Structures are given as structure tokens and as C-alpha cells.
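Note: the block below is model.tsv and it holds TSV, C-alpha atoms (C1' of nucleotides).
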```tsv
chain	number	residue	atom	x	y	z
A	1	MET	CA	105.45	106.25	86.07
A	2	LYS	CA	107.56	109.16	87.22
A	3	GLN	CA	106.65	111.20	84.20
A	4	LYS	CA	102.99	110.36	84.46
A	5	LEU	CA	102.85	111.42	88.11
A	6	LYS	CA	104.57	114.70	87.37
A	7	LYS	CA	102.49	115.35	84.30
A	8	THR	CA	99.27	114.63	86.15
A	9	TYR	CA	100.33	116.99	88.91
A	10	ARG	CA	100.91	119.82	86.47
A	11	LYS	CA	97.55	119.13	84.87
A	12	LEU	CA	95.70	119.22	88.18
A	13	TYR	CA	97.52	122.34	89.29
A	14	ARG	CA	96.74	124.14	86.05
A	15	HIS	CA	93.09	123.25	86.40
A	16	PHE	CA	92.45	123.89	90.07
A	17	GLY	CA	95.29	126.13	91.22
A	18	PRO	CA	96.77	126.04	94.74
A	19	GLN	CA	94.48	124.55	97.40
A	20	GLY	CA	95.95	126.24	100.46
A	21	TRP	CA	96.19	123.16	102.63
A	22	TRP	CA	96.07	122.56	105.53
A	23	PRO	CA	93.27	125.01	106.43
A	24	ALA	CA	94.38	125.79	109.98
A	25	ARG	CA	96.11	128.67	111.74
A	26	THR	CA	98.69	126.69	113.74
A	27	PRO	CA	100.46	123.33	113.58
A	28	PHE	CA	98.64	122.24	116.72
A	29	GLU	CA	95.32	123.00	115.06
A	30	VAL	CA	96.42	120.84	112.12
A	31	MET	CA	97.10	117.93	114.46
A	32	VAL	CA	93.74	118.23	116.17
A	33	GLY	CA	92.02	118.52	112.82
A	34	ALA	CA	93.84	115.45	111.51
A	35	ILE	CA	92.26	113.34	114.24
A	36	LEU	CA	88.85	114.97	114.01
A	37	THR	CA	88.57	114.50	110.25
A	38	GLN	CA	88.88	110.71	110.38
A	39	ASN	CA	86.08	109.47	108.10
A	40	THR	CA	84.31	112.79	108.56
A	41	SER	CA	83.54	115.73	106.30
A	42	TRP	CA	85.79	118.74	106.79
A	43	GLN	CA	82.79	121.00	107.26
A	44	ASN	CA	81.83	119.13	110.42
A	45	VAL	CA	85.41	119.30	111.64
A	46	GLU	CA	85.35	123.07	111.24
A	47	ARG	CA	82.37	123.30	113.57
A	48	ALA	CA	84.13	121.19	116.17
A	49	ILE	CA	87.27	123.30	115.95
A	50	ALA	CA	85.20	126.48	116.20
A	51	ASN	CA	83.71	125.12	119.42
A	52	LEU	CA	87.18	124.39	120.78
A	53	LYS	CA	88.32	127.90	119.92
A	54	LYS	CA	85.28	129.53	121.47
A	55	ALA	CA	85.89	127.54	124.65
A	56	ARG	CA	89.58	128.51	124.46
A	57	MET	CA	90.48	124.85	124.49
A	58	LEU	CA	92.75	124.73	121.45
A	59	SER	CA	95.72	124.21	123.73
A	60	TRP	CA	97.16	120.84	124.71
A	61	ARG	CA	97.45	121.79	128.39
A	62	ARG	CA	93.86	122.95	128.75
A	63	MET	CA	92.36	120.27	126.54
A	64	LEU	CA	94.11	117.64	128.60
A	65	ARG	CA	92.42	118.90	131.75
A	66	LEU	CA	88.93	118.52	130.30
A	67	SER	CA	87.00	115.40	131.18
A	68	ASP	CA	86.40	113.02	128.30
A	69	ALA	CA	82.71	113.92	128.43
A	70	ALA	CA	83.38	117.67	128.31
A	71	LEU	CA	85.77	117.30	125.40
A	72	ALA	CA	83.30	115.04	123.62
A	73	ARG	CA	80.59	117.71	123.94
A	74	LEU	CA	82.79	120.32	122.30
A	75	ILE	CA	83.74	118.14	119.34
A	76	ARG	CA	80.26	116.69	118.90
A	77	PRO	CA	79.71	118.01	115.34
A	78	ALA	CA	82.72	116.01	114.12
A	79	GLY	CA	80.97	112.72	114.87
A	80	TYR	CA	82.38	109.70	116.72
A	81	TYR	CA	82.84	112.17	119.54
A	82	ASN	CA	83.45	109.66	122.33
A	83	VAL	CA	86.08	107.81	120.32
A	84	LYS	CA	87.70	111.01	119.11
A	85	ALA	CA	87.80	112.56	122.58
A	86	ARG	CA	89.83	109.58	123.76
A	87	ARG	CA	92.02	109.65	120.66
A	88	LEU	CA	92.77	113.33	121.12
A	89	LYS	CA	93.71	112.74	124.72
A	90	ASN	CA	95.90	109.78	123.83
A	91	PHE	CA	97.74	112.05	121.42
A	92	LEU	CA	98.01	114.91	123.91
A	93	ARG	CA	99.37	112.60	126.59
A	94	PHE	CA	101.98	111.42	124.09
A	95	LEU	CA	102.81	115.02	123.24
A	96	GLU	CA	103.32	115.90	126.87
A	97	ALA	CA	105.22	112.77	127.88
A	98	ARG	CA	107.51	112.62	124.85
A	99	TYR	CA	107.98	116.27	123.91
A	100	SER	CA	106.72	118.27	126.88
A	101	GLY	CA	104.12	119.62	124.47
A	102	ASP	CA	106.88	121.36	122.50
A	103	LEU	CA	106.18	121.03	118.78
A	104	ARG	CA	109.55	122.56	117.84
A	105	GLN	CA	111.27	119.77	119.71
A	106	MET	CA	108.95	117.27	118.05
A	107	LYS	CA	109.87	118.66	114.64
A	108	LYS	CA	113.57	118.03	115.28
A	109	THR	CA	112.97	114.29	115.54
A	110	GLY	CA	113.79	112.16	112.48
A	111	THR	CA	110.81	111.58	110.23
A	112	ARG	CA	110.98	107.78	110.28
A	113	GLU	CA	111.31	107.62	114.05
A	114	LEU	CA	108.58	110.17	114.66
A	115	ARG	CA	106.20	108.29	112.36
A	116	GLN	CA	106.72	105.12	114.38
A	117	GLU	CA	106.06	107.03	117.60
A	118	LEU	CA	102.82	108.47	116.24
A	119	LEU	CA	101.63	105.08	115.04
A	120	ARG	CA	102.05	103.72	118.56
A	121	VAL	CA	99.42	106.19	119.81
A	122	ASN	CA	96.05	104.46	119.94
A	123	GLY	CA	93.82	106.32	117.52
A	124	ILE	CA	96.53	107.45	115.10
A	125	GLY	CA	96.84	105.35	111.97
A	126	GLN	CA	98.96	105.81	108.89
A	127	GLU	CA	96.97	108.57	107.25
A	128	THR	CA	96.62	110.61	110.42
A	129	ALA	CA	100.31	110.19	111.22
A	130	ASP	CA	101.33	111.23	107.72
A	131	SER	CA	98.95	114.20	107.74
A	132	ILE	CA	100.56	115.40	110.95
A	133	LEU	CA	104.06	114.87	109.56
A	134	LEU	CA	103.37	116.65	106.27
A	135	TYR	CA	100.88	119.37	107.10
A	136	ALA	CA	101.83	120.22	110.67
A	137	LEU	CA	105.56	119.51	110.66
A	138	GLN	CA	106.48	120.05	106.99
A	139	LYS	CA	108.04	116.62	106.57
A	140	PRO	CA	108.21	115.32	102.97
A	141	VAL	CA	105.78	112.42	103.44
A	142	PHE	CA	103.03	111.60	100.95
A	143	VAL	CA	99.55	111.17	102.43
A	144	ILE	CA	97.32	108.42	101.07
A	145	ASP	CA	93.61	108.62	101.71
A	146	ALA	CA	90.40	107.15	100.31
A	147	TYR	CA	90.34	109.67	97.45
A	148	THR	CA	93.93	108.89	96.51
A	149	ARG	CA	93.29	105.15	96.55
A	150	ARG	CA	90.17	105.44	94.36
A	151	TRP	CA	92.04	107.72	92.01
A	152	MET	CA	95.00	105.33	91.67
A	153	VAL	CA	92.73	102.36	91.03
A	154	ARG	CA	90.60	104.28	88.55
A	155	HIS	CA	93.73	105.22	86.61
A	156	ARG	CA	94.88	101.61	86.78
A	157	LEU	CA	98.07	102.81	88.40
A	158	ALA	CA	97.44	100.45	91.29
A	159	ALA	CA	95.51	97.29	92.03
A	160	PRO	CA	92.72	97.61	94.64
A	161	GLN	CA	94.39	95.21	97.06
A	162	LEU	CA	97.61	97.19	97.34
A	163	LEU	CA	98.37	98.39	100.84
A	164	TYR	CA	98.78	101.94	102.10
A	165	GLU	CA	102.56	101.65	102.11
A	166	ASP	CA	102.57	100.34	98.53
A	167	LEU	CA	100.65	103.35	97.25
A	168	GLN	CA	102.72	105.72	99.32
A	169	ARG	CA	105.93	104.21	97.94
A	170	MET	CA	104.72	104.75	94.37
A	171	PHE	CA	104.40	108.47	94.97
A	172	MET	CA	107.51	108.86	97.03
A	173	GLU	CA	109.73	106.93	94.63
A	174	GLY	CA	108.25	108.71	91.64
A	175	LEU	CA	108.65	112.24	92.96
A	176	SER	CA	111.42	114.21	94.60
A	177	PRO	CA	110.95	114.56	98.39
A	178	ASP	CA	109.46	118.02	98.18
A	179	THR	CA	107.19	119.05	101.04
A	180	ALA	CA	105.40	121.74	99.05
A	181	LEU	CA	104.83	119.33	96.16
A	182	PHE	CA	103.46	116.55	98.41
A	183	ASN	CA	101.25	119.06	100.17
A	184	GLU	CA	99.72	120.41	96.98
A	185	TYR	CA	99.50	117.09	95.16
A	186	HIS	CA	97.47	115.36	97.85
A	187	ALA	CA	95.21	118.38	98.27
A	188	LEU	CA	94.60	118.44	94.51
A	189	ILE	CA	93.65	114.76	94.43
A	190	VAL	CA	91.16	115.37	97.22
A	191	ARG	CA	89.81	118.38	95.36
A	192	LEU	CA	89.35	116.29	92.23
A	193	GLY	CA	87.69	113.56	94.28
A	194	LYS	CA	85.18	116.03	95.64
A	195	GLU	CA	84.37	117.25	92.15
A	196	TYR	CA	84.10	113.76	90.76
A	197	CYS	CA	80.61	112.50	90.09
A	198	ARG	CA	79.57	110.61	93.22
A	199	LYS	CA	76.56	108.83	91.81
A	200	THR	CA	78.12	107.07	88.87
A	201	ARG	CA	81.72	106.87	90.03
A	202	GLU	CA	82.41	107.24	86.32
A	203	ARG	CA	83.43	109.95	83.96
A	204	CYS	CA	80.73	112.51	84.10
A	205	ALA	CA	79.80	115.29	81.73
A	206	ILE	CA	79.65	117.94	84.41
A	207	CYS	CA	82.92	117.02	86.07
A	208	PRO	CA	86.12	118.98	85.54
A	209	LEU	CA	88.75	117.39	83.31
A	210	ARG	CA	85.86	115.65	81.61
A	211	ASP	CA	87.84	115.37	78.42
A	212	GLU	CA	90.57	113.55	80.27
A	213	LYS	CA	90.66	110.32	82.15
A	214	HIS	CA	89.83	111.24	85.73
B	215	DC	C1'	64.34	107.33	103.06
B	216	DA	C1'	69.49	106.06	101.79
B	217	DC	C1'	74.16	107.28	101.25
B	218	DC	C1'	78.42	109.70	102.09
B	219	DA	C1'	82.44	112.08	104.43
B	220	DG	C1'	90.21	114.02	104.07
B	221	DG	C1'	89.89	106.37	109.51
B	222	DC	C1'	90.93	103.47	113.18
B	223	DA	C1'	90.94	99.62	116.31
B	224	DA	C1'	89.25	95.34	117.87
B	225	DG	C1'	87.34	91.04	116.90
B	226	DT	C1'	87.09	86.96	113.97
B	227	DA	C1'	88.64	83.31	110.74
C	228	DT	C1'	96.97	88.35	106.54
C	229	DA	C1'	92.15	89.57	105.17
C	230	DC	C1'	87.59	90.66	106.26
C	231	DT	C1'	83.84	92.66	109.45
C	232	DT	C1'	81.92	95.78	112.75
C	233	DG	C1'	81.21	99.94	115.82
C	234	DC	C1'	81.71	104.59	116.14
C	235	DA	C1'	77.89	109.50	114.88
C	236	DT	C1'	77.32	113.98	113.04
C	237	DG	C1'	75.43	116.93	109.25
C	238	DG	C1'	74.80	117.48	104.07
C	239	DT	C1'	72.64	115.82	99.74
```

Can you give me the file's structure in the form of C-alpha cells?
Amino acid sequence: MKQKLKKTYRKLYRHFGPQGWWPARTPFEVMVGAILTQNTSWQNVERAIANLKKARMLSWRRMLRLSDAALARLIRPAGYYNVKARRLKNFLRFLEARYSGDLRQMKKTGTRELRQELLRVNGIGQETADSILLYALQKPVFVIDAYTRRWMVRHRLAAPQLLYEDLQRMFMEGLSPDTALFNEYHALIVRLGKEYCRKTRERCAICPLRDEKH
DNA sequence: CACCAGGCAAGTA
DNA sequence: TACTTGCATGGT
């Protein structure tokens, strides 16, 4: 298992190269993006973030002062805008109350404890919490998403009914706790998922790694 | 037209 | 615990 995970990583990296995740300029932007991208294409998230930047609202203090309706209008392209406006505010209120909006202070908190805190925020689930921990705060936490789950099942490395924490444990027990590795590995799986033939959900002649098992 | 995208929470059984 | 539903835009 360990060897297979490492070998697969090297194979993916050779094929695709570094993915440059997370595509954001600041840790705060990563956190906002992590909430906006819930079940939503990244392209739409980029439009929403561009709107926030143009309105100079990519700041927890200013965003918090917007009405829910005003925030929802700005993030409209990301979809689920009413839900996500509330979720963003829930997170920002947590940030202010618990860390005075200071991400450096947040980063000093133990990973396990911080994860529990994030999960208590309504609107932040396991994937969003782990994305924030890994990509915004550089904590060695492996992110599991829909692509990762499909990929594991397809490889018969995991049964479909396994839970998020089961899949996460497989990666984290099979690999050394290396932030850069976890960052790149998850990004590569997503990249492969995007390339994978969507219609057939099978091996496909035009897909990369077509001579391998996807 | 249908289907999908870097989920989550609330309701139901 | 396991399943279902609502949330919504923009691309293919």
C-alpha cells in the first residue's frame, strides 16, 4: 500500500508536473475559495473572487460588514450564493471571535484542535476544513474529495462505502506527513480526474495514462 | 435538452 | 448510521 501510493505519486508527477495549488494570492483568499468551491467548478469560483477583489471585499473585516444580500450578489457566479454568503460569514465570525482575524495566531494552534474548531462552524465540513488546514495554513493533512474517492474506488484501493476519515487515514498512514507532498498529490489526483473521460467513466483512448490503470 | 462541478446541512427512517 | 433533498451558477 505504502509503495503503491508513493509509486503512483511519482507517476502522476512525472506525467503532469507540479500543479501550483492552491491558486490564490493569500491564505485568506484560499479560505474564501475553499468555501466557494463547494460542489462548484473552480472557474465559477474565480469569477466570484474577482468580484470580491474588484469590490475590495477580500478582507474579513469588510466582508463581515456587508449584508448577506450584498455578499450574495458579489459571489453569485459561484452558485448557492445565499447559502455560501451565510457560510462565509459564519467562518468570518469564527475567525474574529477565536483569533481576532489573525491568521498567524490561527496557524499556531495544534492541527487536531484547529480541525475540530473548523468543523464546528456551520458550513465547513471535512473537505473544506482540510483544504484550509493544508492549503492556507500548510498543515500536513490529506484532503479527500469526490475525485479522490472515485479514484480510490476505481483502483480498488477502497470500497465505495468507506468514510472520509477511512480514506484520509489510508493516505496519511501510507505517506510521511509532508505538507508539500500532500499538497501536490491531491492536486494531481484532481488534475487526473479532470482529464478522465467523463462520459464513460472508464479507461478512454484519449485520456492521459491510457496505457495504465487510471 | 441533460449533466456536471475541488460539499454541506437538515430531515427522515 | 445511512439515505435523500435543497441549494444555483456557468460550461459542455

* Using all atoms listed in the file, determine which residues of chain A fall within 12 Å of chain B; present them as a PyMOL selection string. => chain A and resi 21-23+33-45+78-80+83-84+87+119+121-129+131+143-148+186-191+193-194+198-199

Next, the residues of the selection above should be written as a tab-separated table (two decimals), in the coordinates of the input with C-alpha atoms.
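Done, and the output landed in result32.tsv:
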```tsv
chain	number	residue	atom	x	y	z
A	21	TRP	CA	96.19	123.16	102.63
A	22	TRP	CA	96.07	122.56	105.53
A	23	PRO	CA	93.27	125.01	106.43
A	33	GLY	CA	92.02	118.52	112.82
A	34	ALA	CA	93.84	115.45	111.51
A	35	ILE	CA	92.26	113.34	114.24
A	36	LEU	CA	88.85	114.97	114.01
A	37	THR	CA	88.57	114.50	110.25
A	38	GLN	CA	88.88	110.71	110.38
A	39	ASN	CA	86.08	109.47	108.10
A	40	THR	CA	84.31	112.79	108.56
A	41	SER	CA	83.54	115.73	106.30
A	42	TRP	CA	85.79	118.74	106.79
A	43	GLN	CA	82.79	121.00	107.26
A	44	ASN	CA	81.83	119.13	110.42
A	45	VAL	CA	85.41	119.30	111.64
A	78	ALA	CA	82.72	116.01	114.12
A	79	GLY	CA	80.97	112.72	114.87
A	80	TYR	CA	82.38	109.70	116.72
A	83	VAL	CA	86.08	107.81	120.32
A	84	LYS	CA	87.70	111.01	119.11
A	87	ARG	CA	92.02	109.65	120.66
A	119	LEU	CA	101.63	105.08	115.04
A	121	VAL	CA	99.42	106.19	119.81
A	122	ASN	CA	96.05	104.46	119.94
A	123	GLY	CA	93.82	106.32	117.52
A	124	ILE	CA	96.53	107.45	115.10
A	125	GLY	CA	96.84	105.35	111.97
A	126	GLN	CA	98.96	105.81	108.89
A	127	GLU	CA	96.97	108.57	107.25
A	128	THR	CA	96.62	110.61	110.42
A	129	ALA	CA	100.31	110.19	111.22
A	131	SER	CA	98.95	114.20	107.74
A	143	VAL	CA	99.55	111.17	102.43
A	144	ILE	CA	97.32	108.42	101.07
A	145	ASP	CA	93.61	108.62	101.71
A	146	ALA	CA	90.40	107.15	100.31
A	147	TYR	CA	90.34	109.67	97.45
A	148	THR	CA	93.93	108.89	96.51
A	186	HIS	CA	97.47	115.36	97.85
A	187	ALA	CA	95.21	118.38	98.27
A	188	LEU	CA	94.60	118.44	94.51
A	189	ILE	CA	93.65	114.76	94.43
A	190	VAL	CA	91.16	115.37	97.22
A	191	ARG	CA	89.81	118.38	95.36
A	193	GLY	CA	87.69	113.56	94.28
A	194	LYS	CA	85.18	116.03	95.64
A	198	ARG	CA	79.57	110.61	93.22
A	199	LYS	CA	76.56	108.83	91.81
```

* **chain C contacts to chain A at 10 Å (all atoms listed in the file) as a ChimeraX atom specification** => /C:233-238

Those residues with C-alpha atoms (C1' of nucleotides), as a short mmCIF file (atom, residue, chain, number, x, y, z; two decimals), keeping the file's coordinate frame please?
```cif
data_model
loop_
_atom_site.label_atom_id
_atom_site.label_comp_id
_atom_site.auth_asym_id
_atom_site.auth_seq_id
_atom_site.Cartn_x
_atom_site.Cartn_y
_atom_site.Cartn_z
"C1'" DG C 233 81.21 99.94 115.82
"C1'" DC C 234 81.71 104.59 116.14
"C1'" DA C 235 77.89 109.50 114.88
"C1'" DT C 236 77.32 113.98 113.04
"C1'" DG C 237 75.43 116.93 109.25
"C1'" DG C 238 74.80 117.48 104.07
#
```

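With CA of Ala159 (chain A) on one side and C1' of DT231 (chain C) on the other, the separation reads 21.5 Å.
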
* Which distance in Å separates CA of Lys4 (chain A) and CA of Leu163 (chain A), to one decimal? ->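 For CA of Lys4 (chain A) relative to CA of Leu163 (chain A), the distance reads 20.8 Å.
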
* Asked: Got a sec: who's within 12 Å of region 54-68 of chain A, counting only C-alpha atoms (C1' of nucleotides), leaving out chain neighbours fewer than 4 positions off, as JSON, numbers by chain?
  -> {"A": [24, 25, 26, 27, 28, 29, 30, 31, 32, 33, 47, 48, 49, 50, 72, 73, 74, 75, 76, 81, 82, 83, 84, 85, 86, 87, 88, 89, 90, 91, 92, 93, 94, 95, 96, 97, 99, 100, 101, 102, 103]}

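Taking CA of Leu181 (chain A) as the reference point, CA of Gln161 (chain A) is found at 26.3 Å.
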
Centre and edge lengths, as lines of an AutoDock Vina configuration file, for the axis-aligned box enclosing every listed atom of region 57-69 of chain A with 3 Å of padding on each of the six sides, in Å to one decimal?
```
center_x = 90.1
center_y = 118.9
center_z = 126.6
size_x = 20.7
size_y = 17.8
size_z = 16.3
```
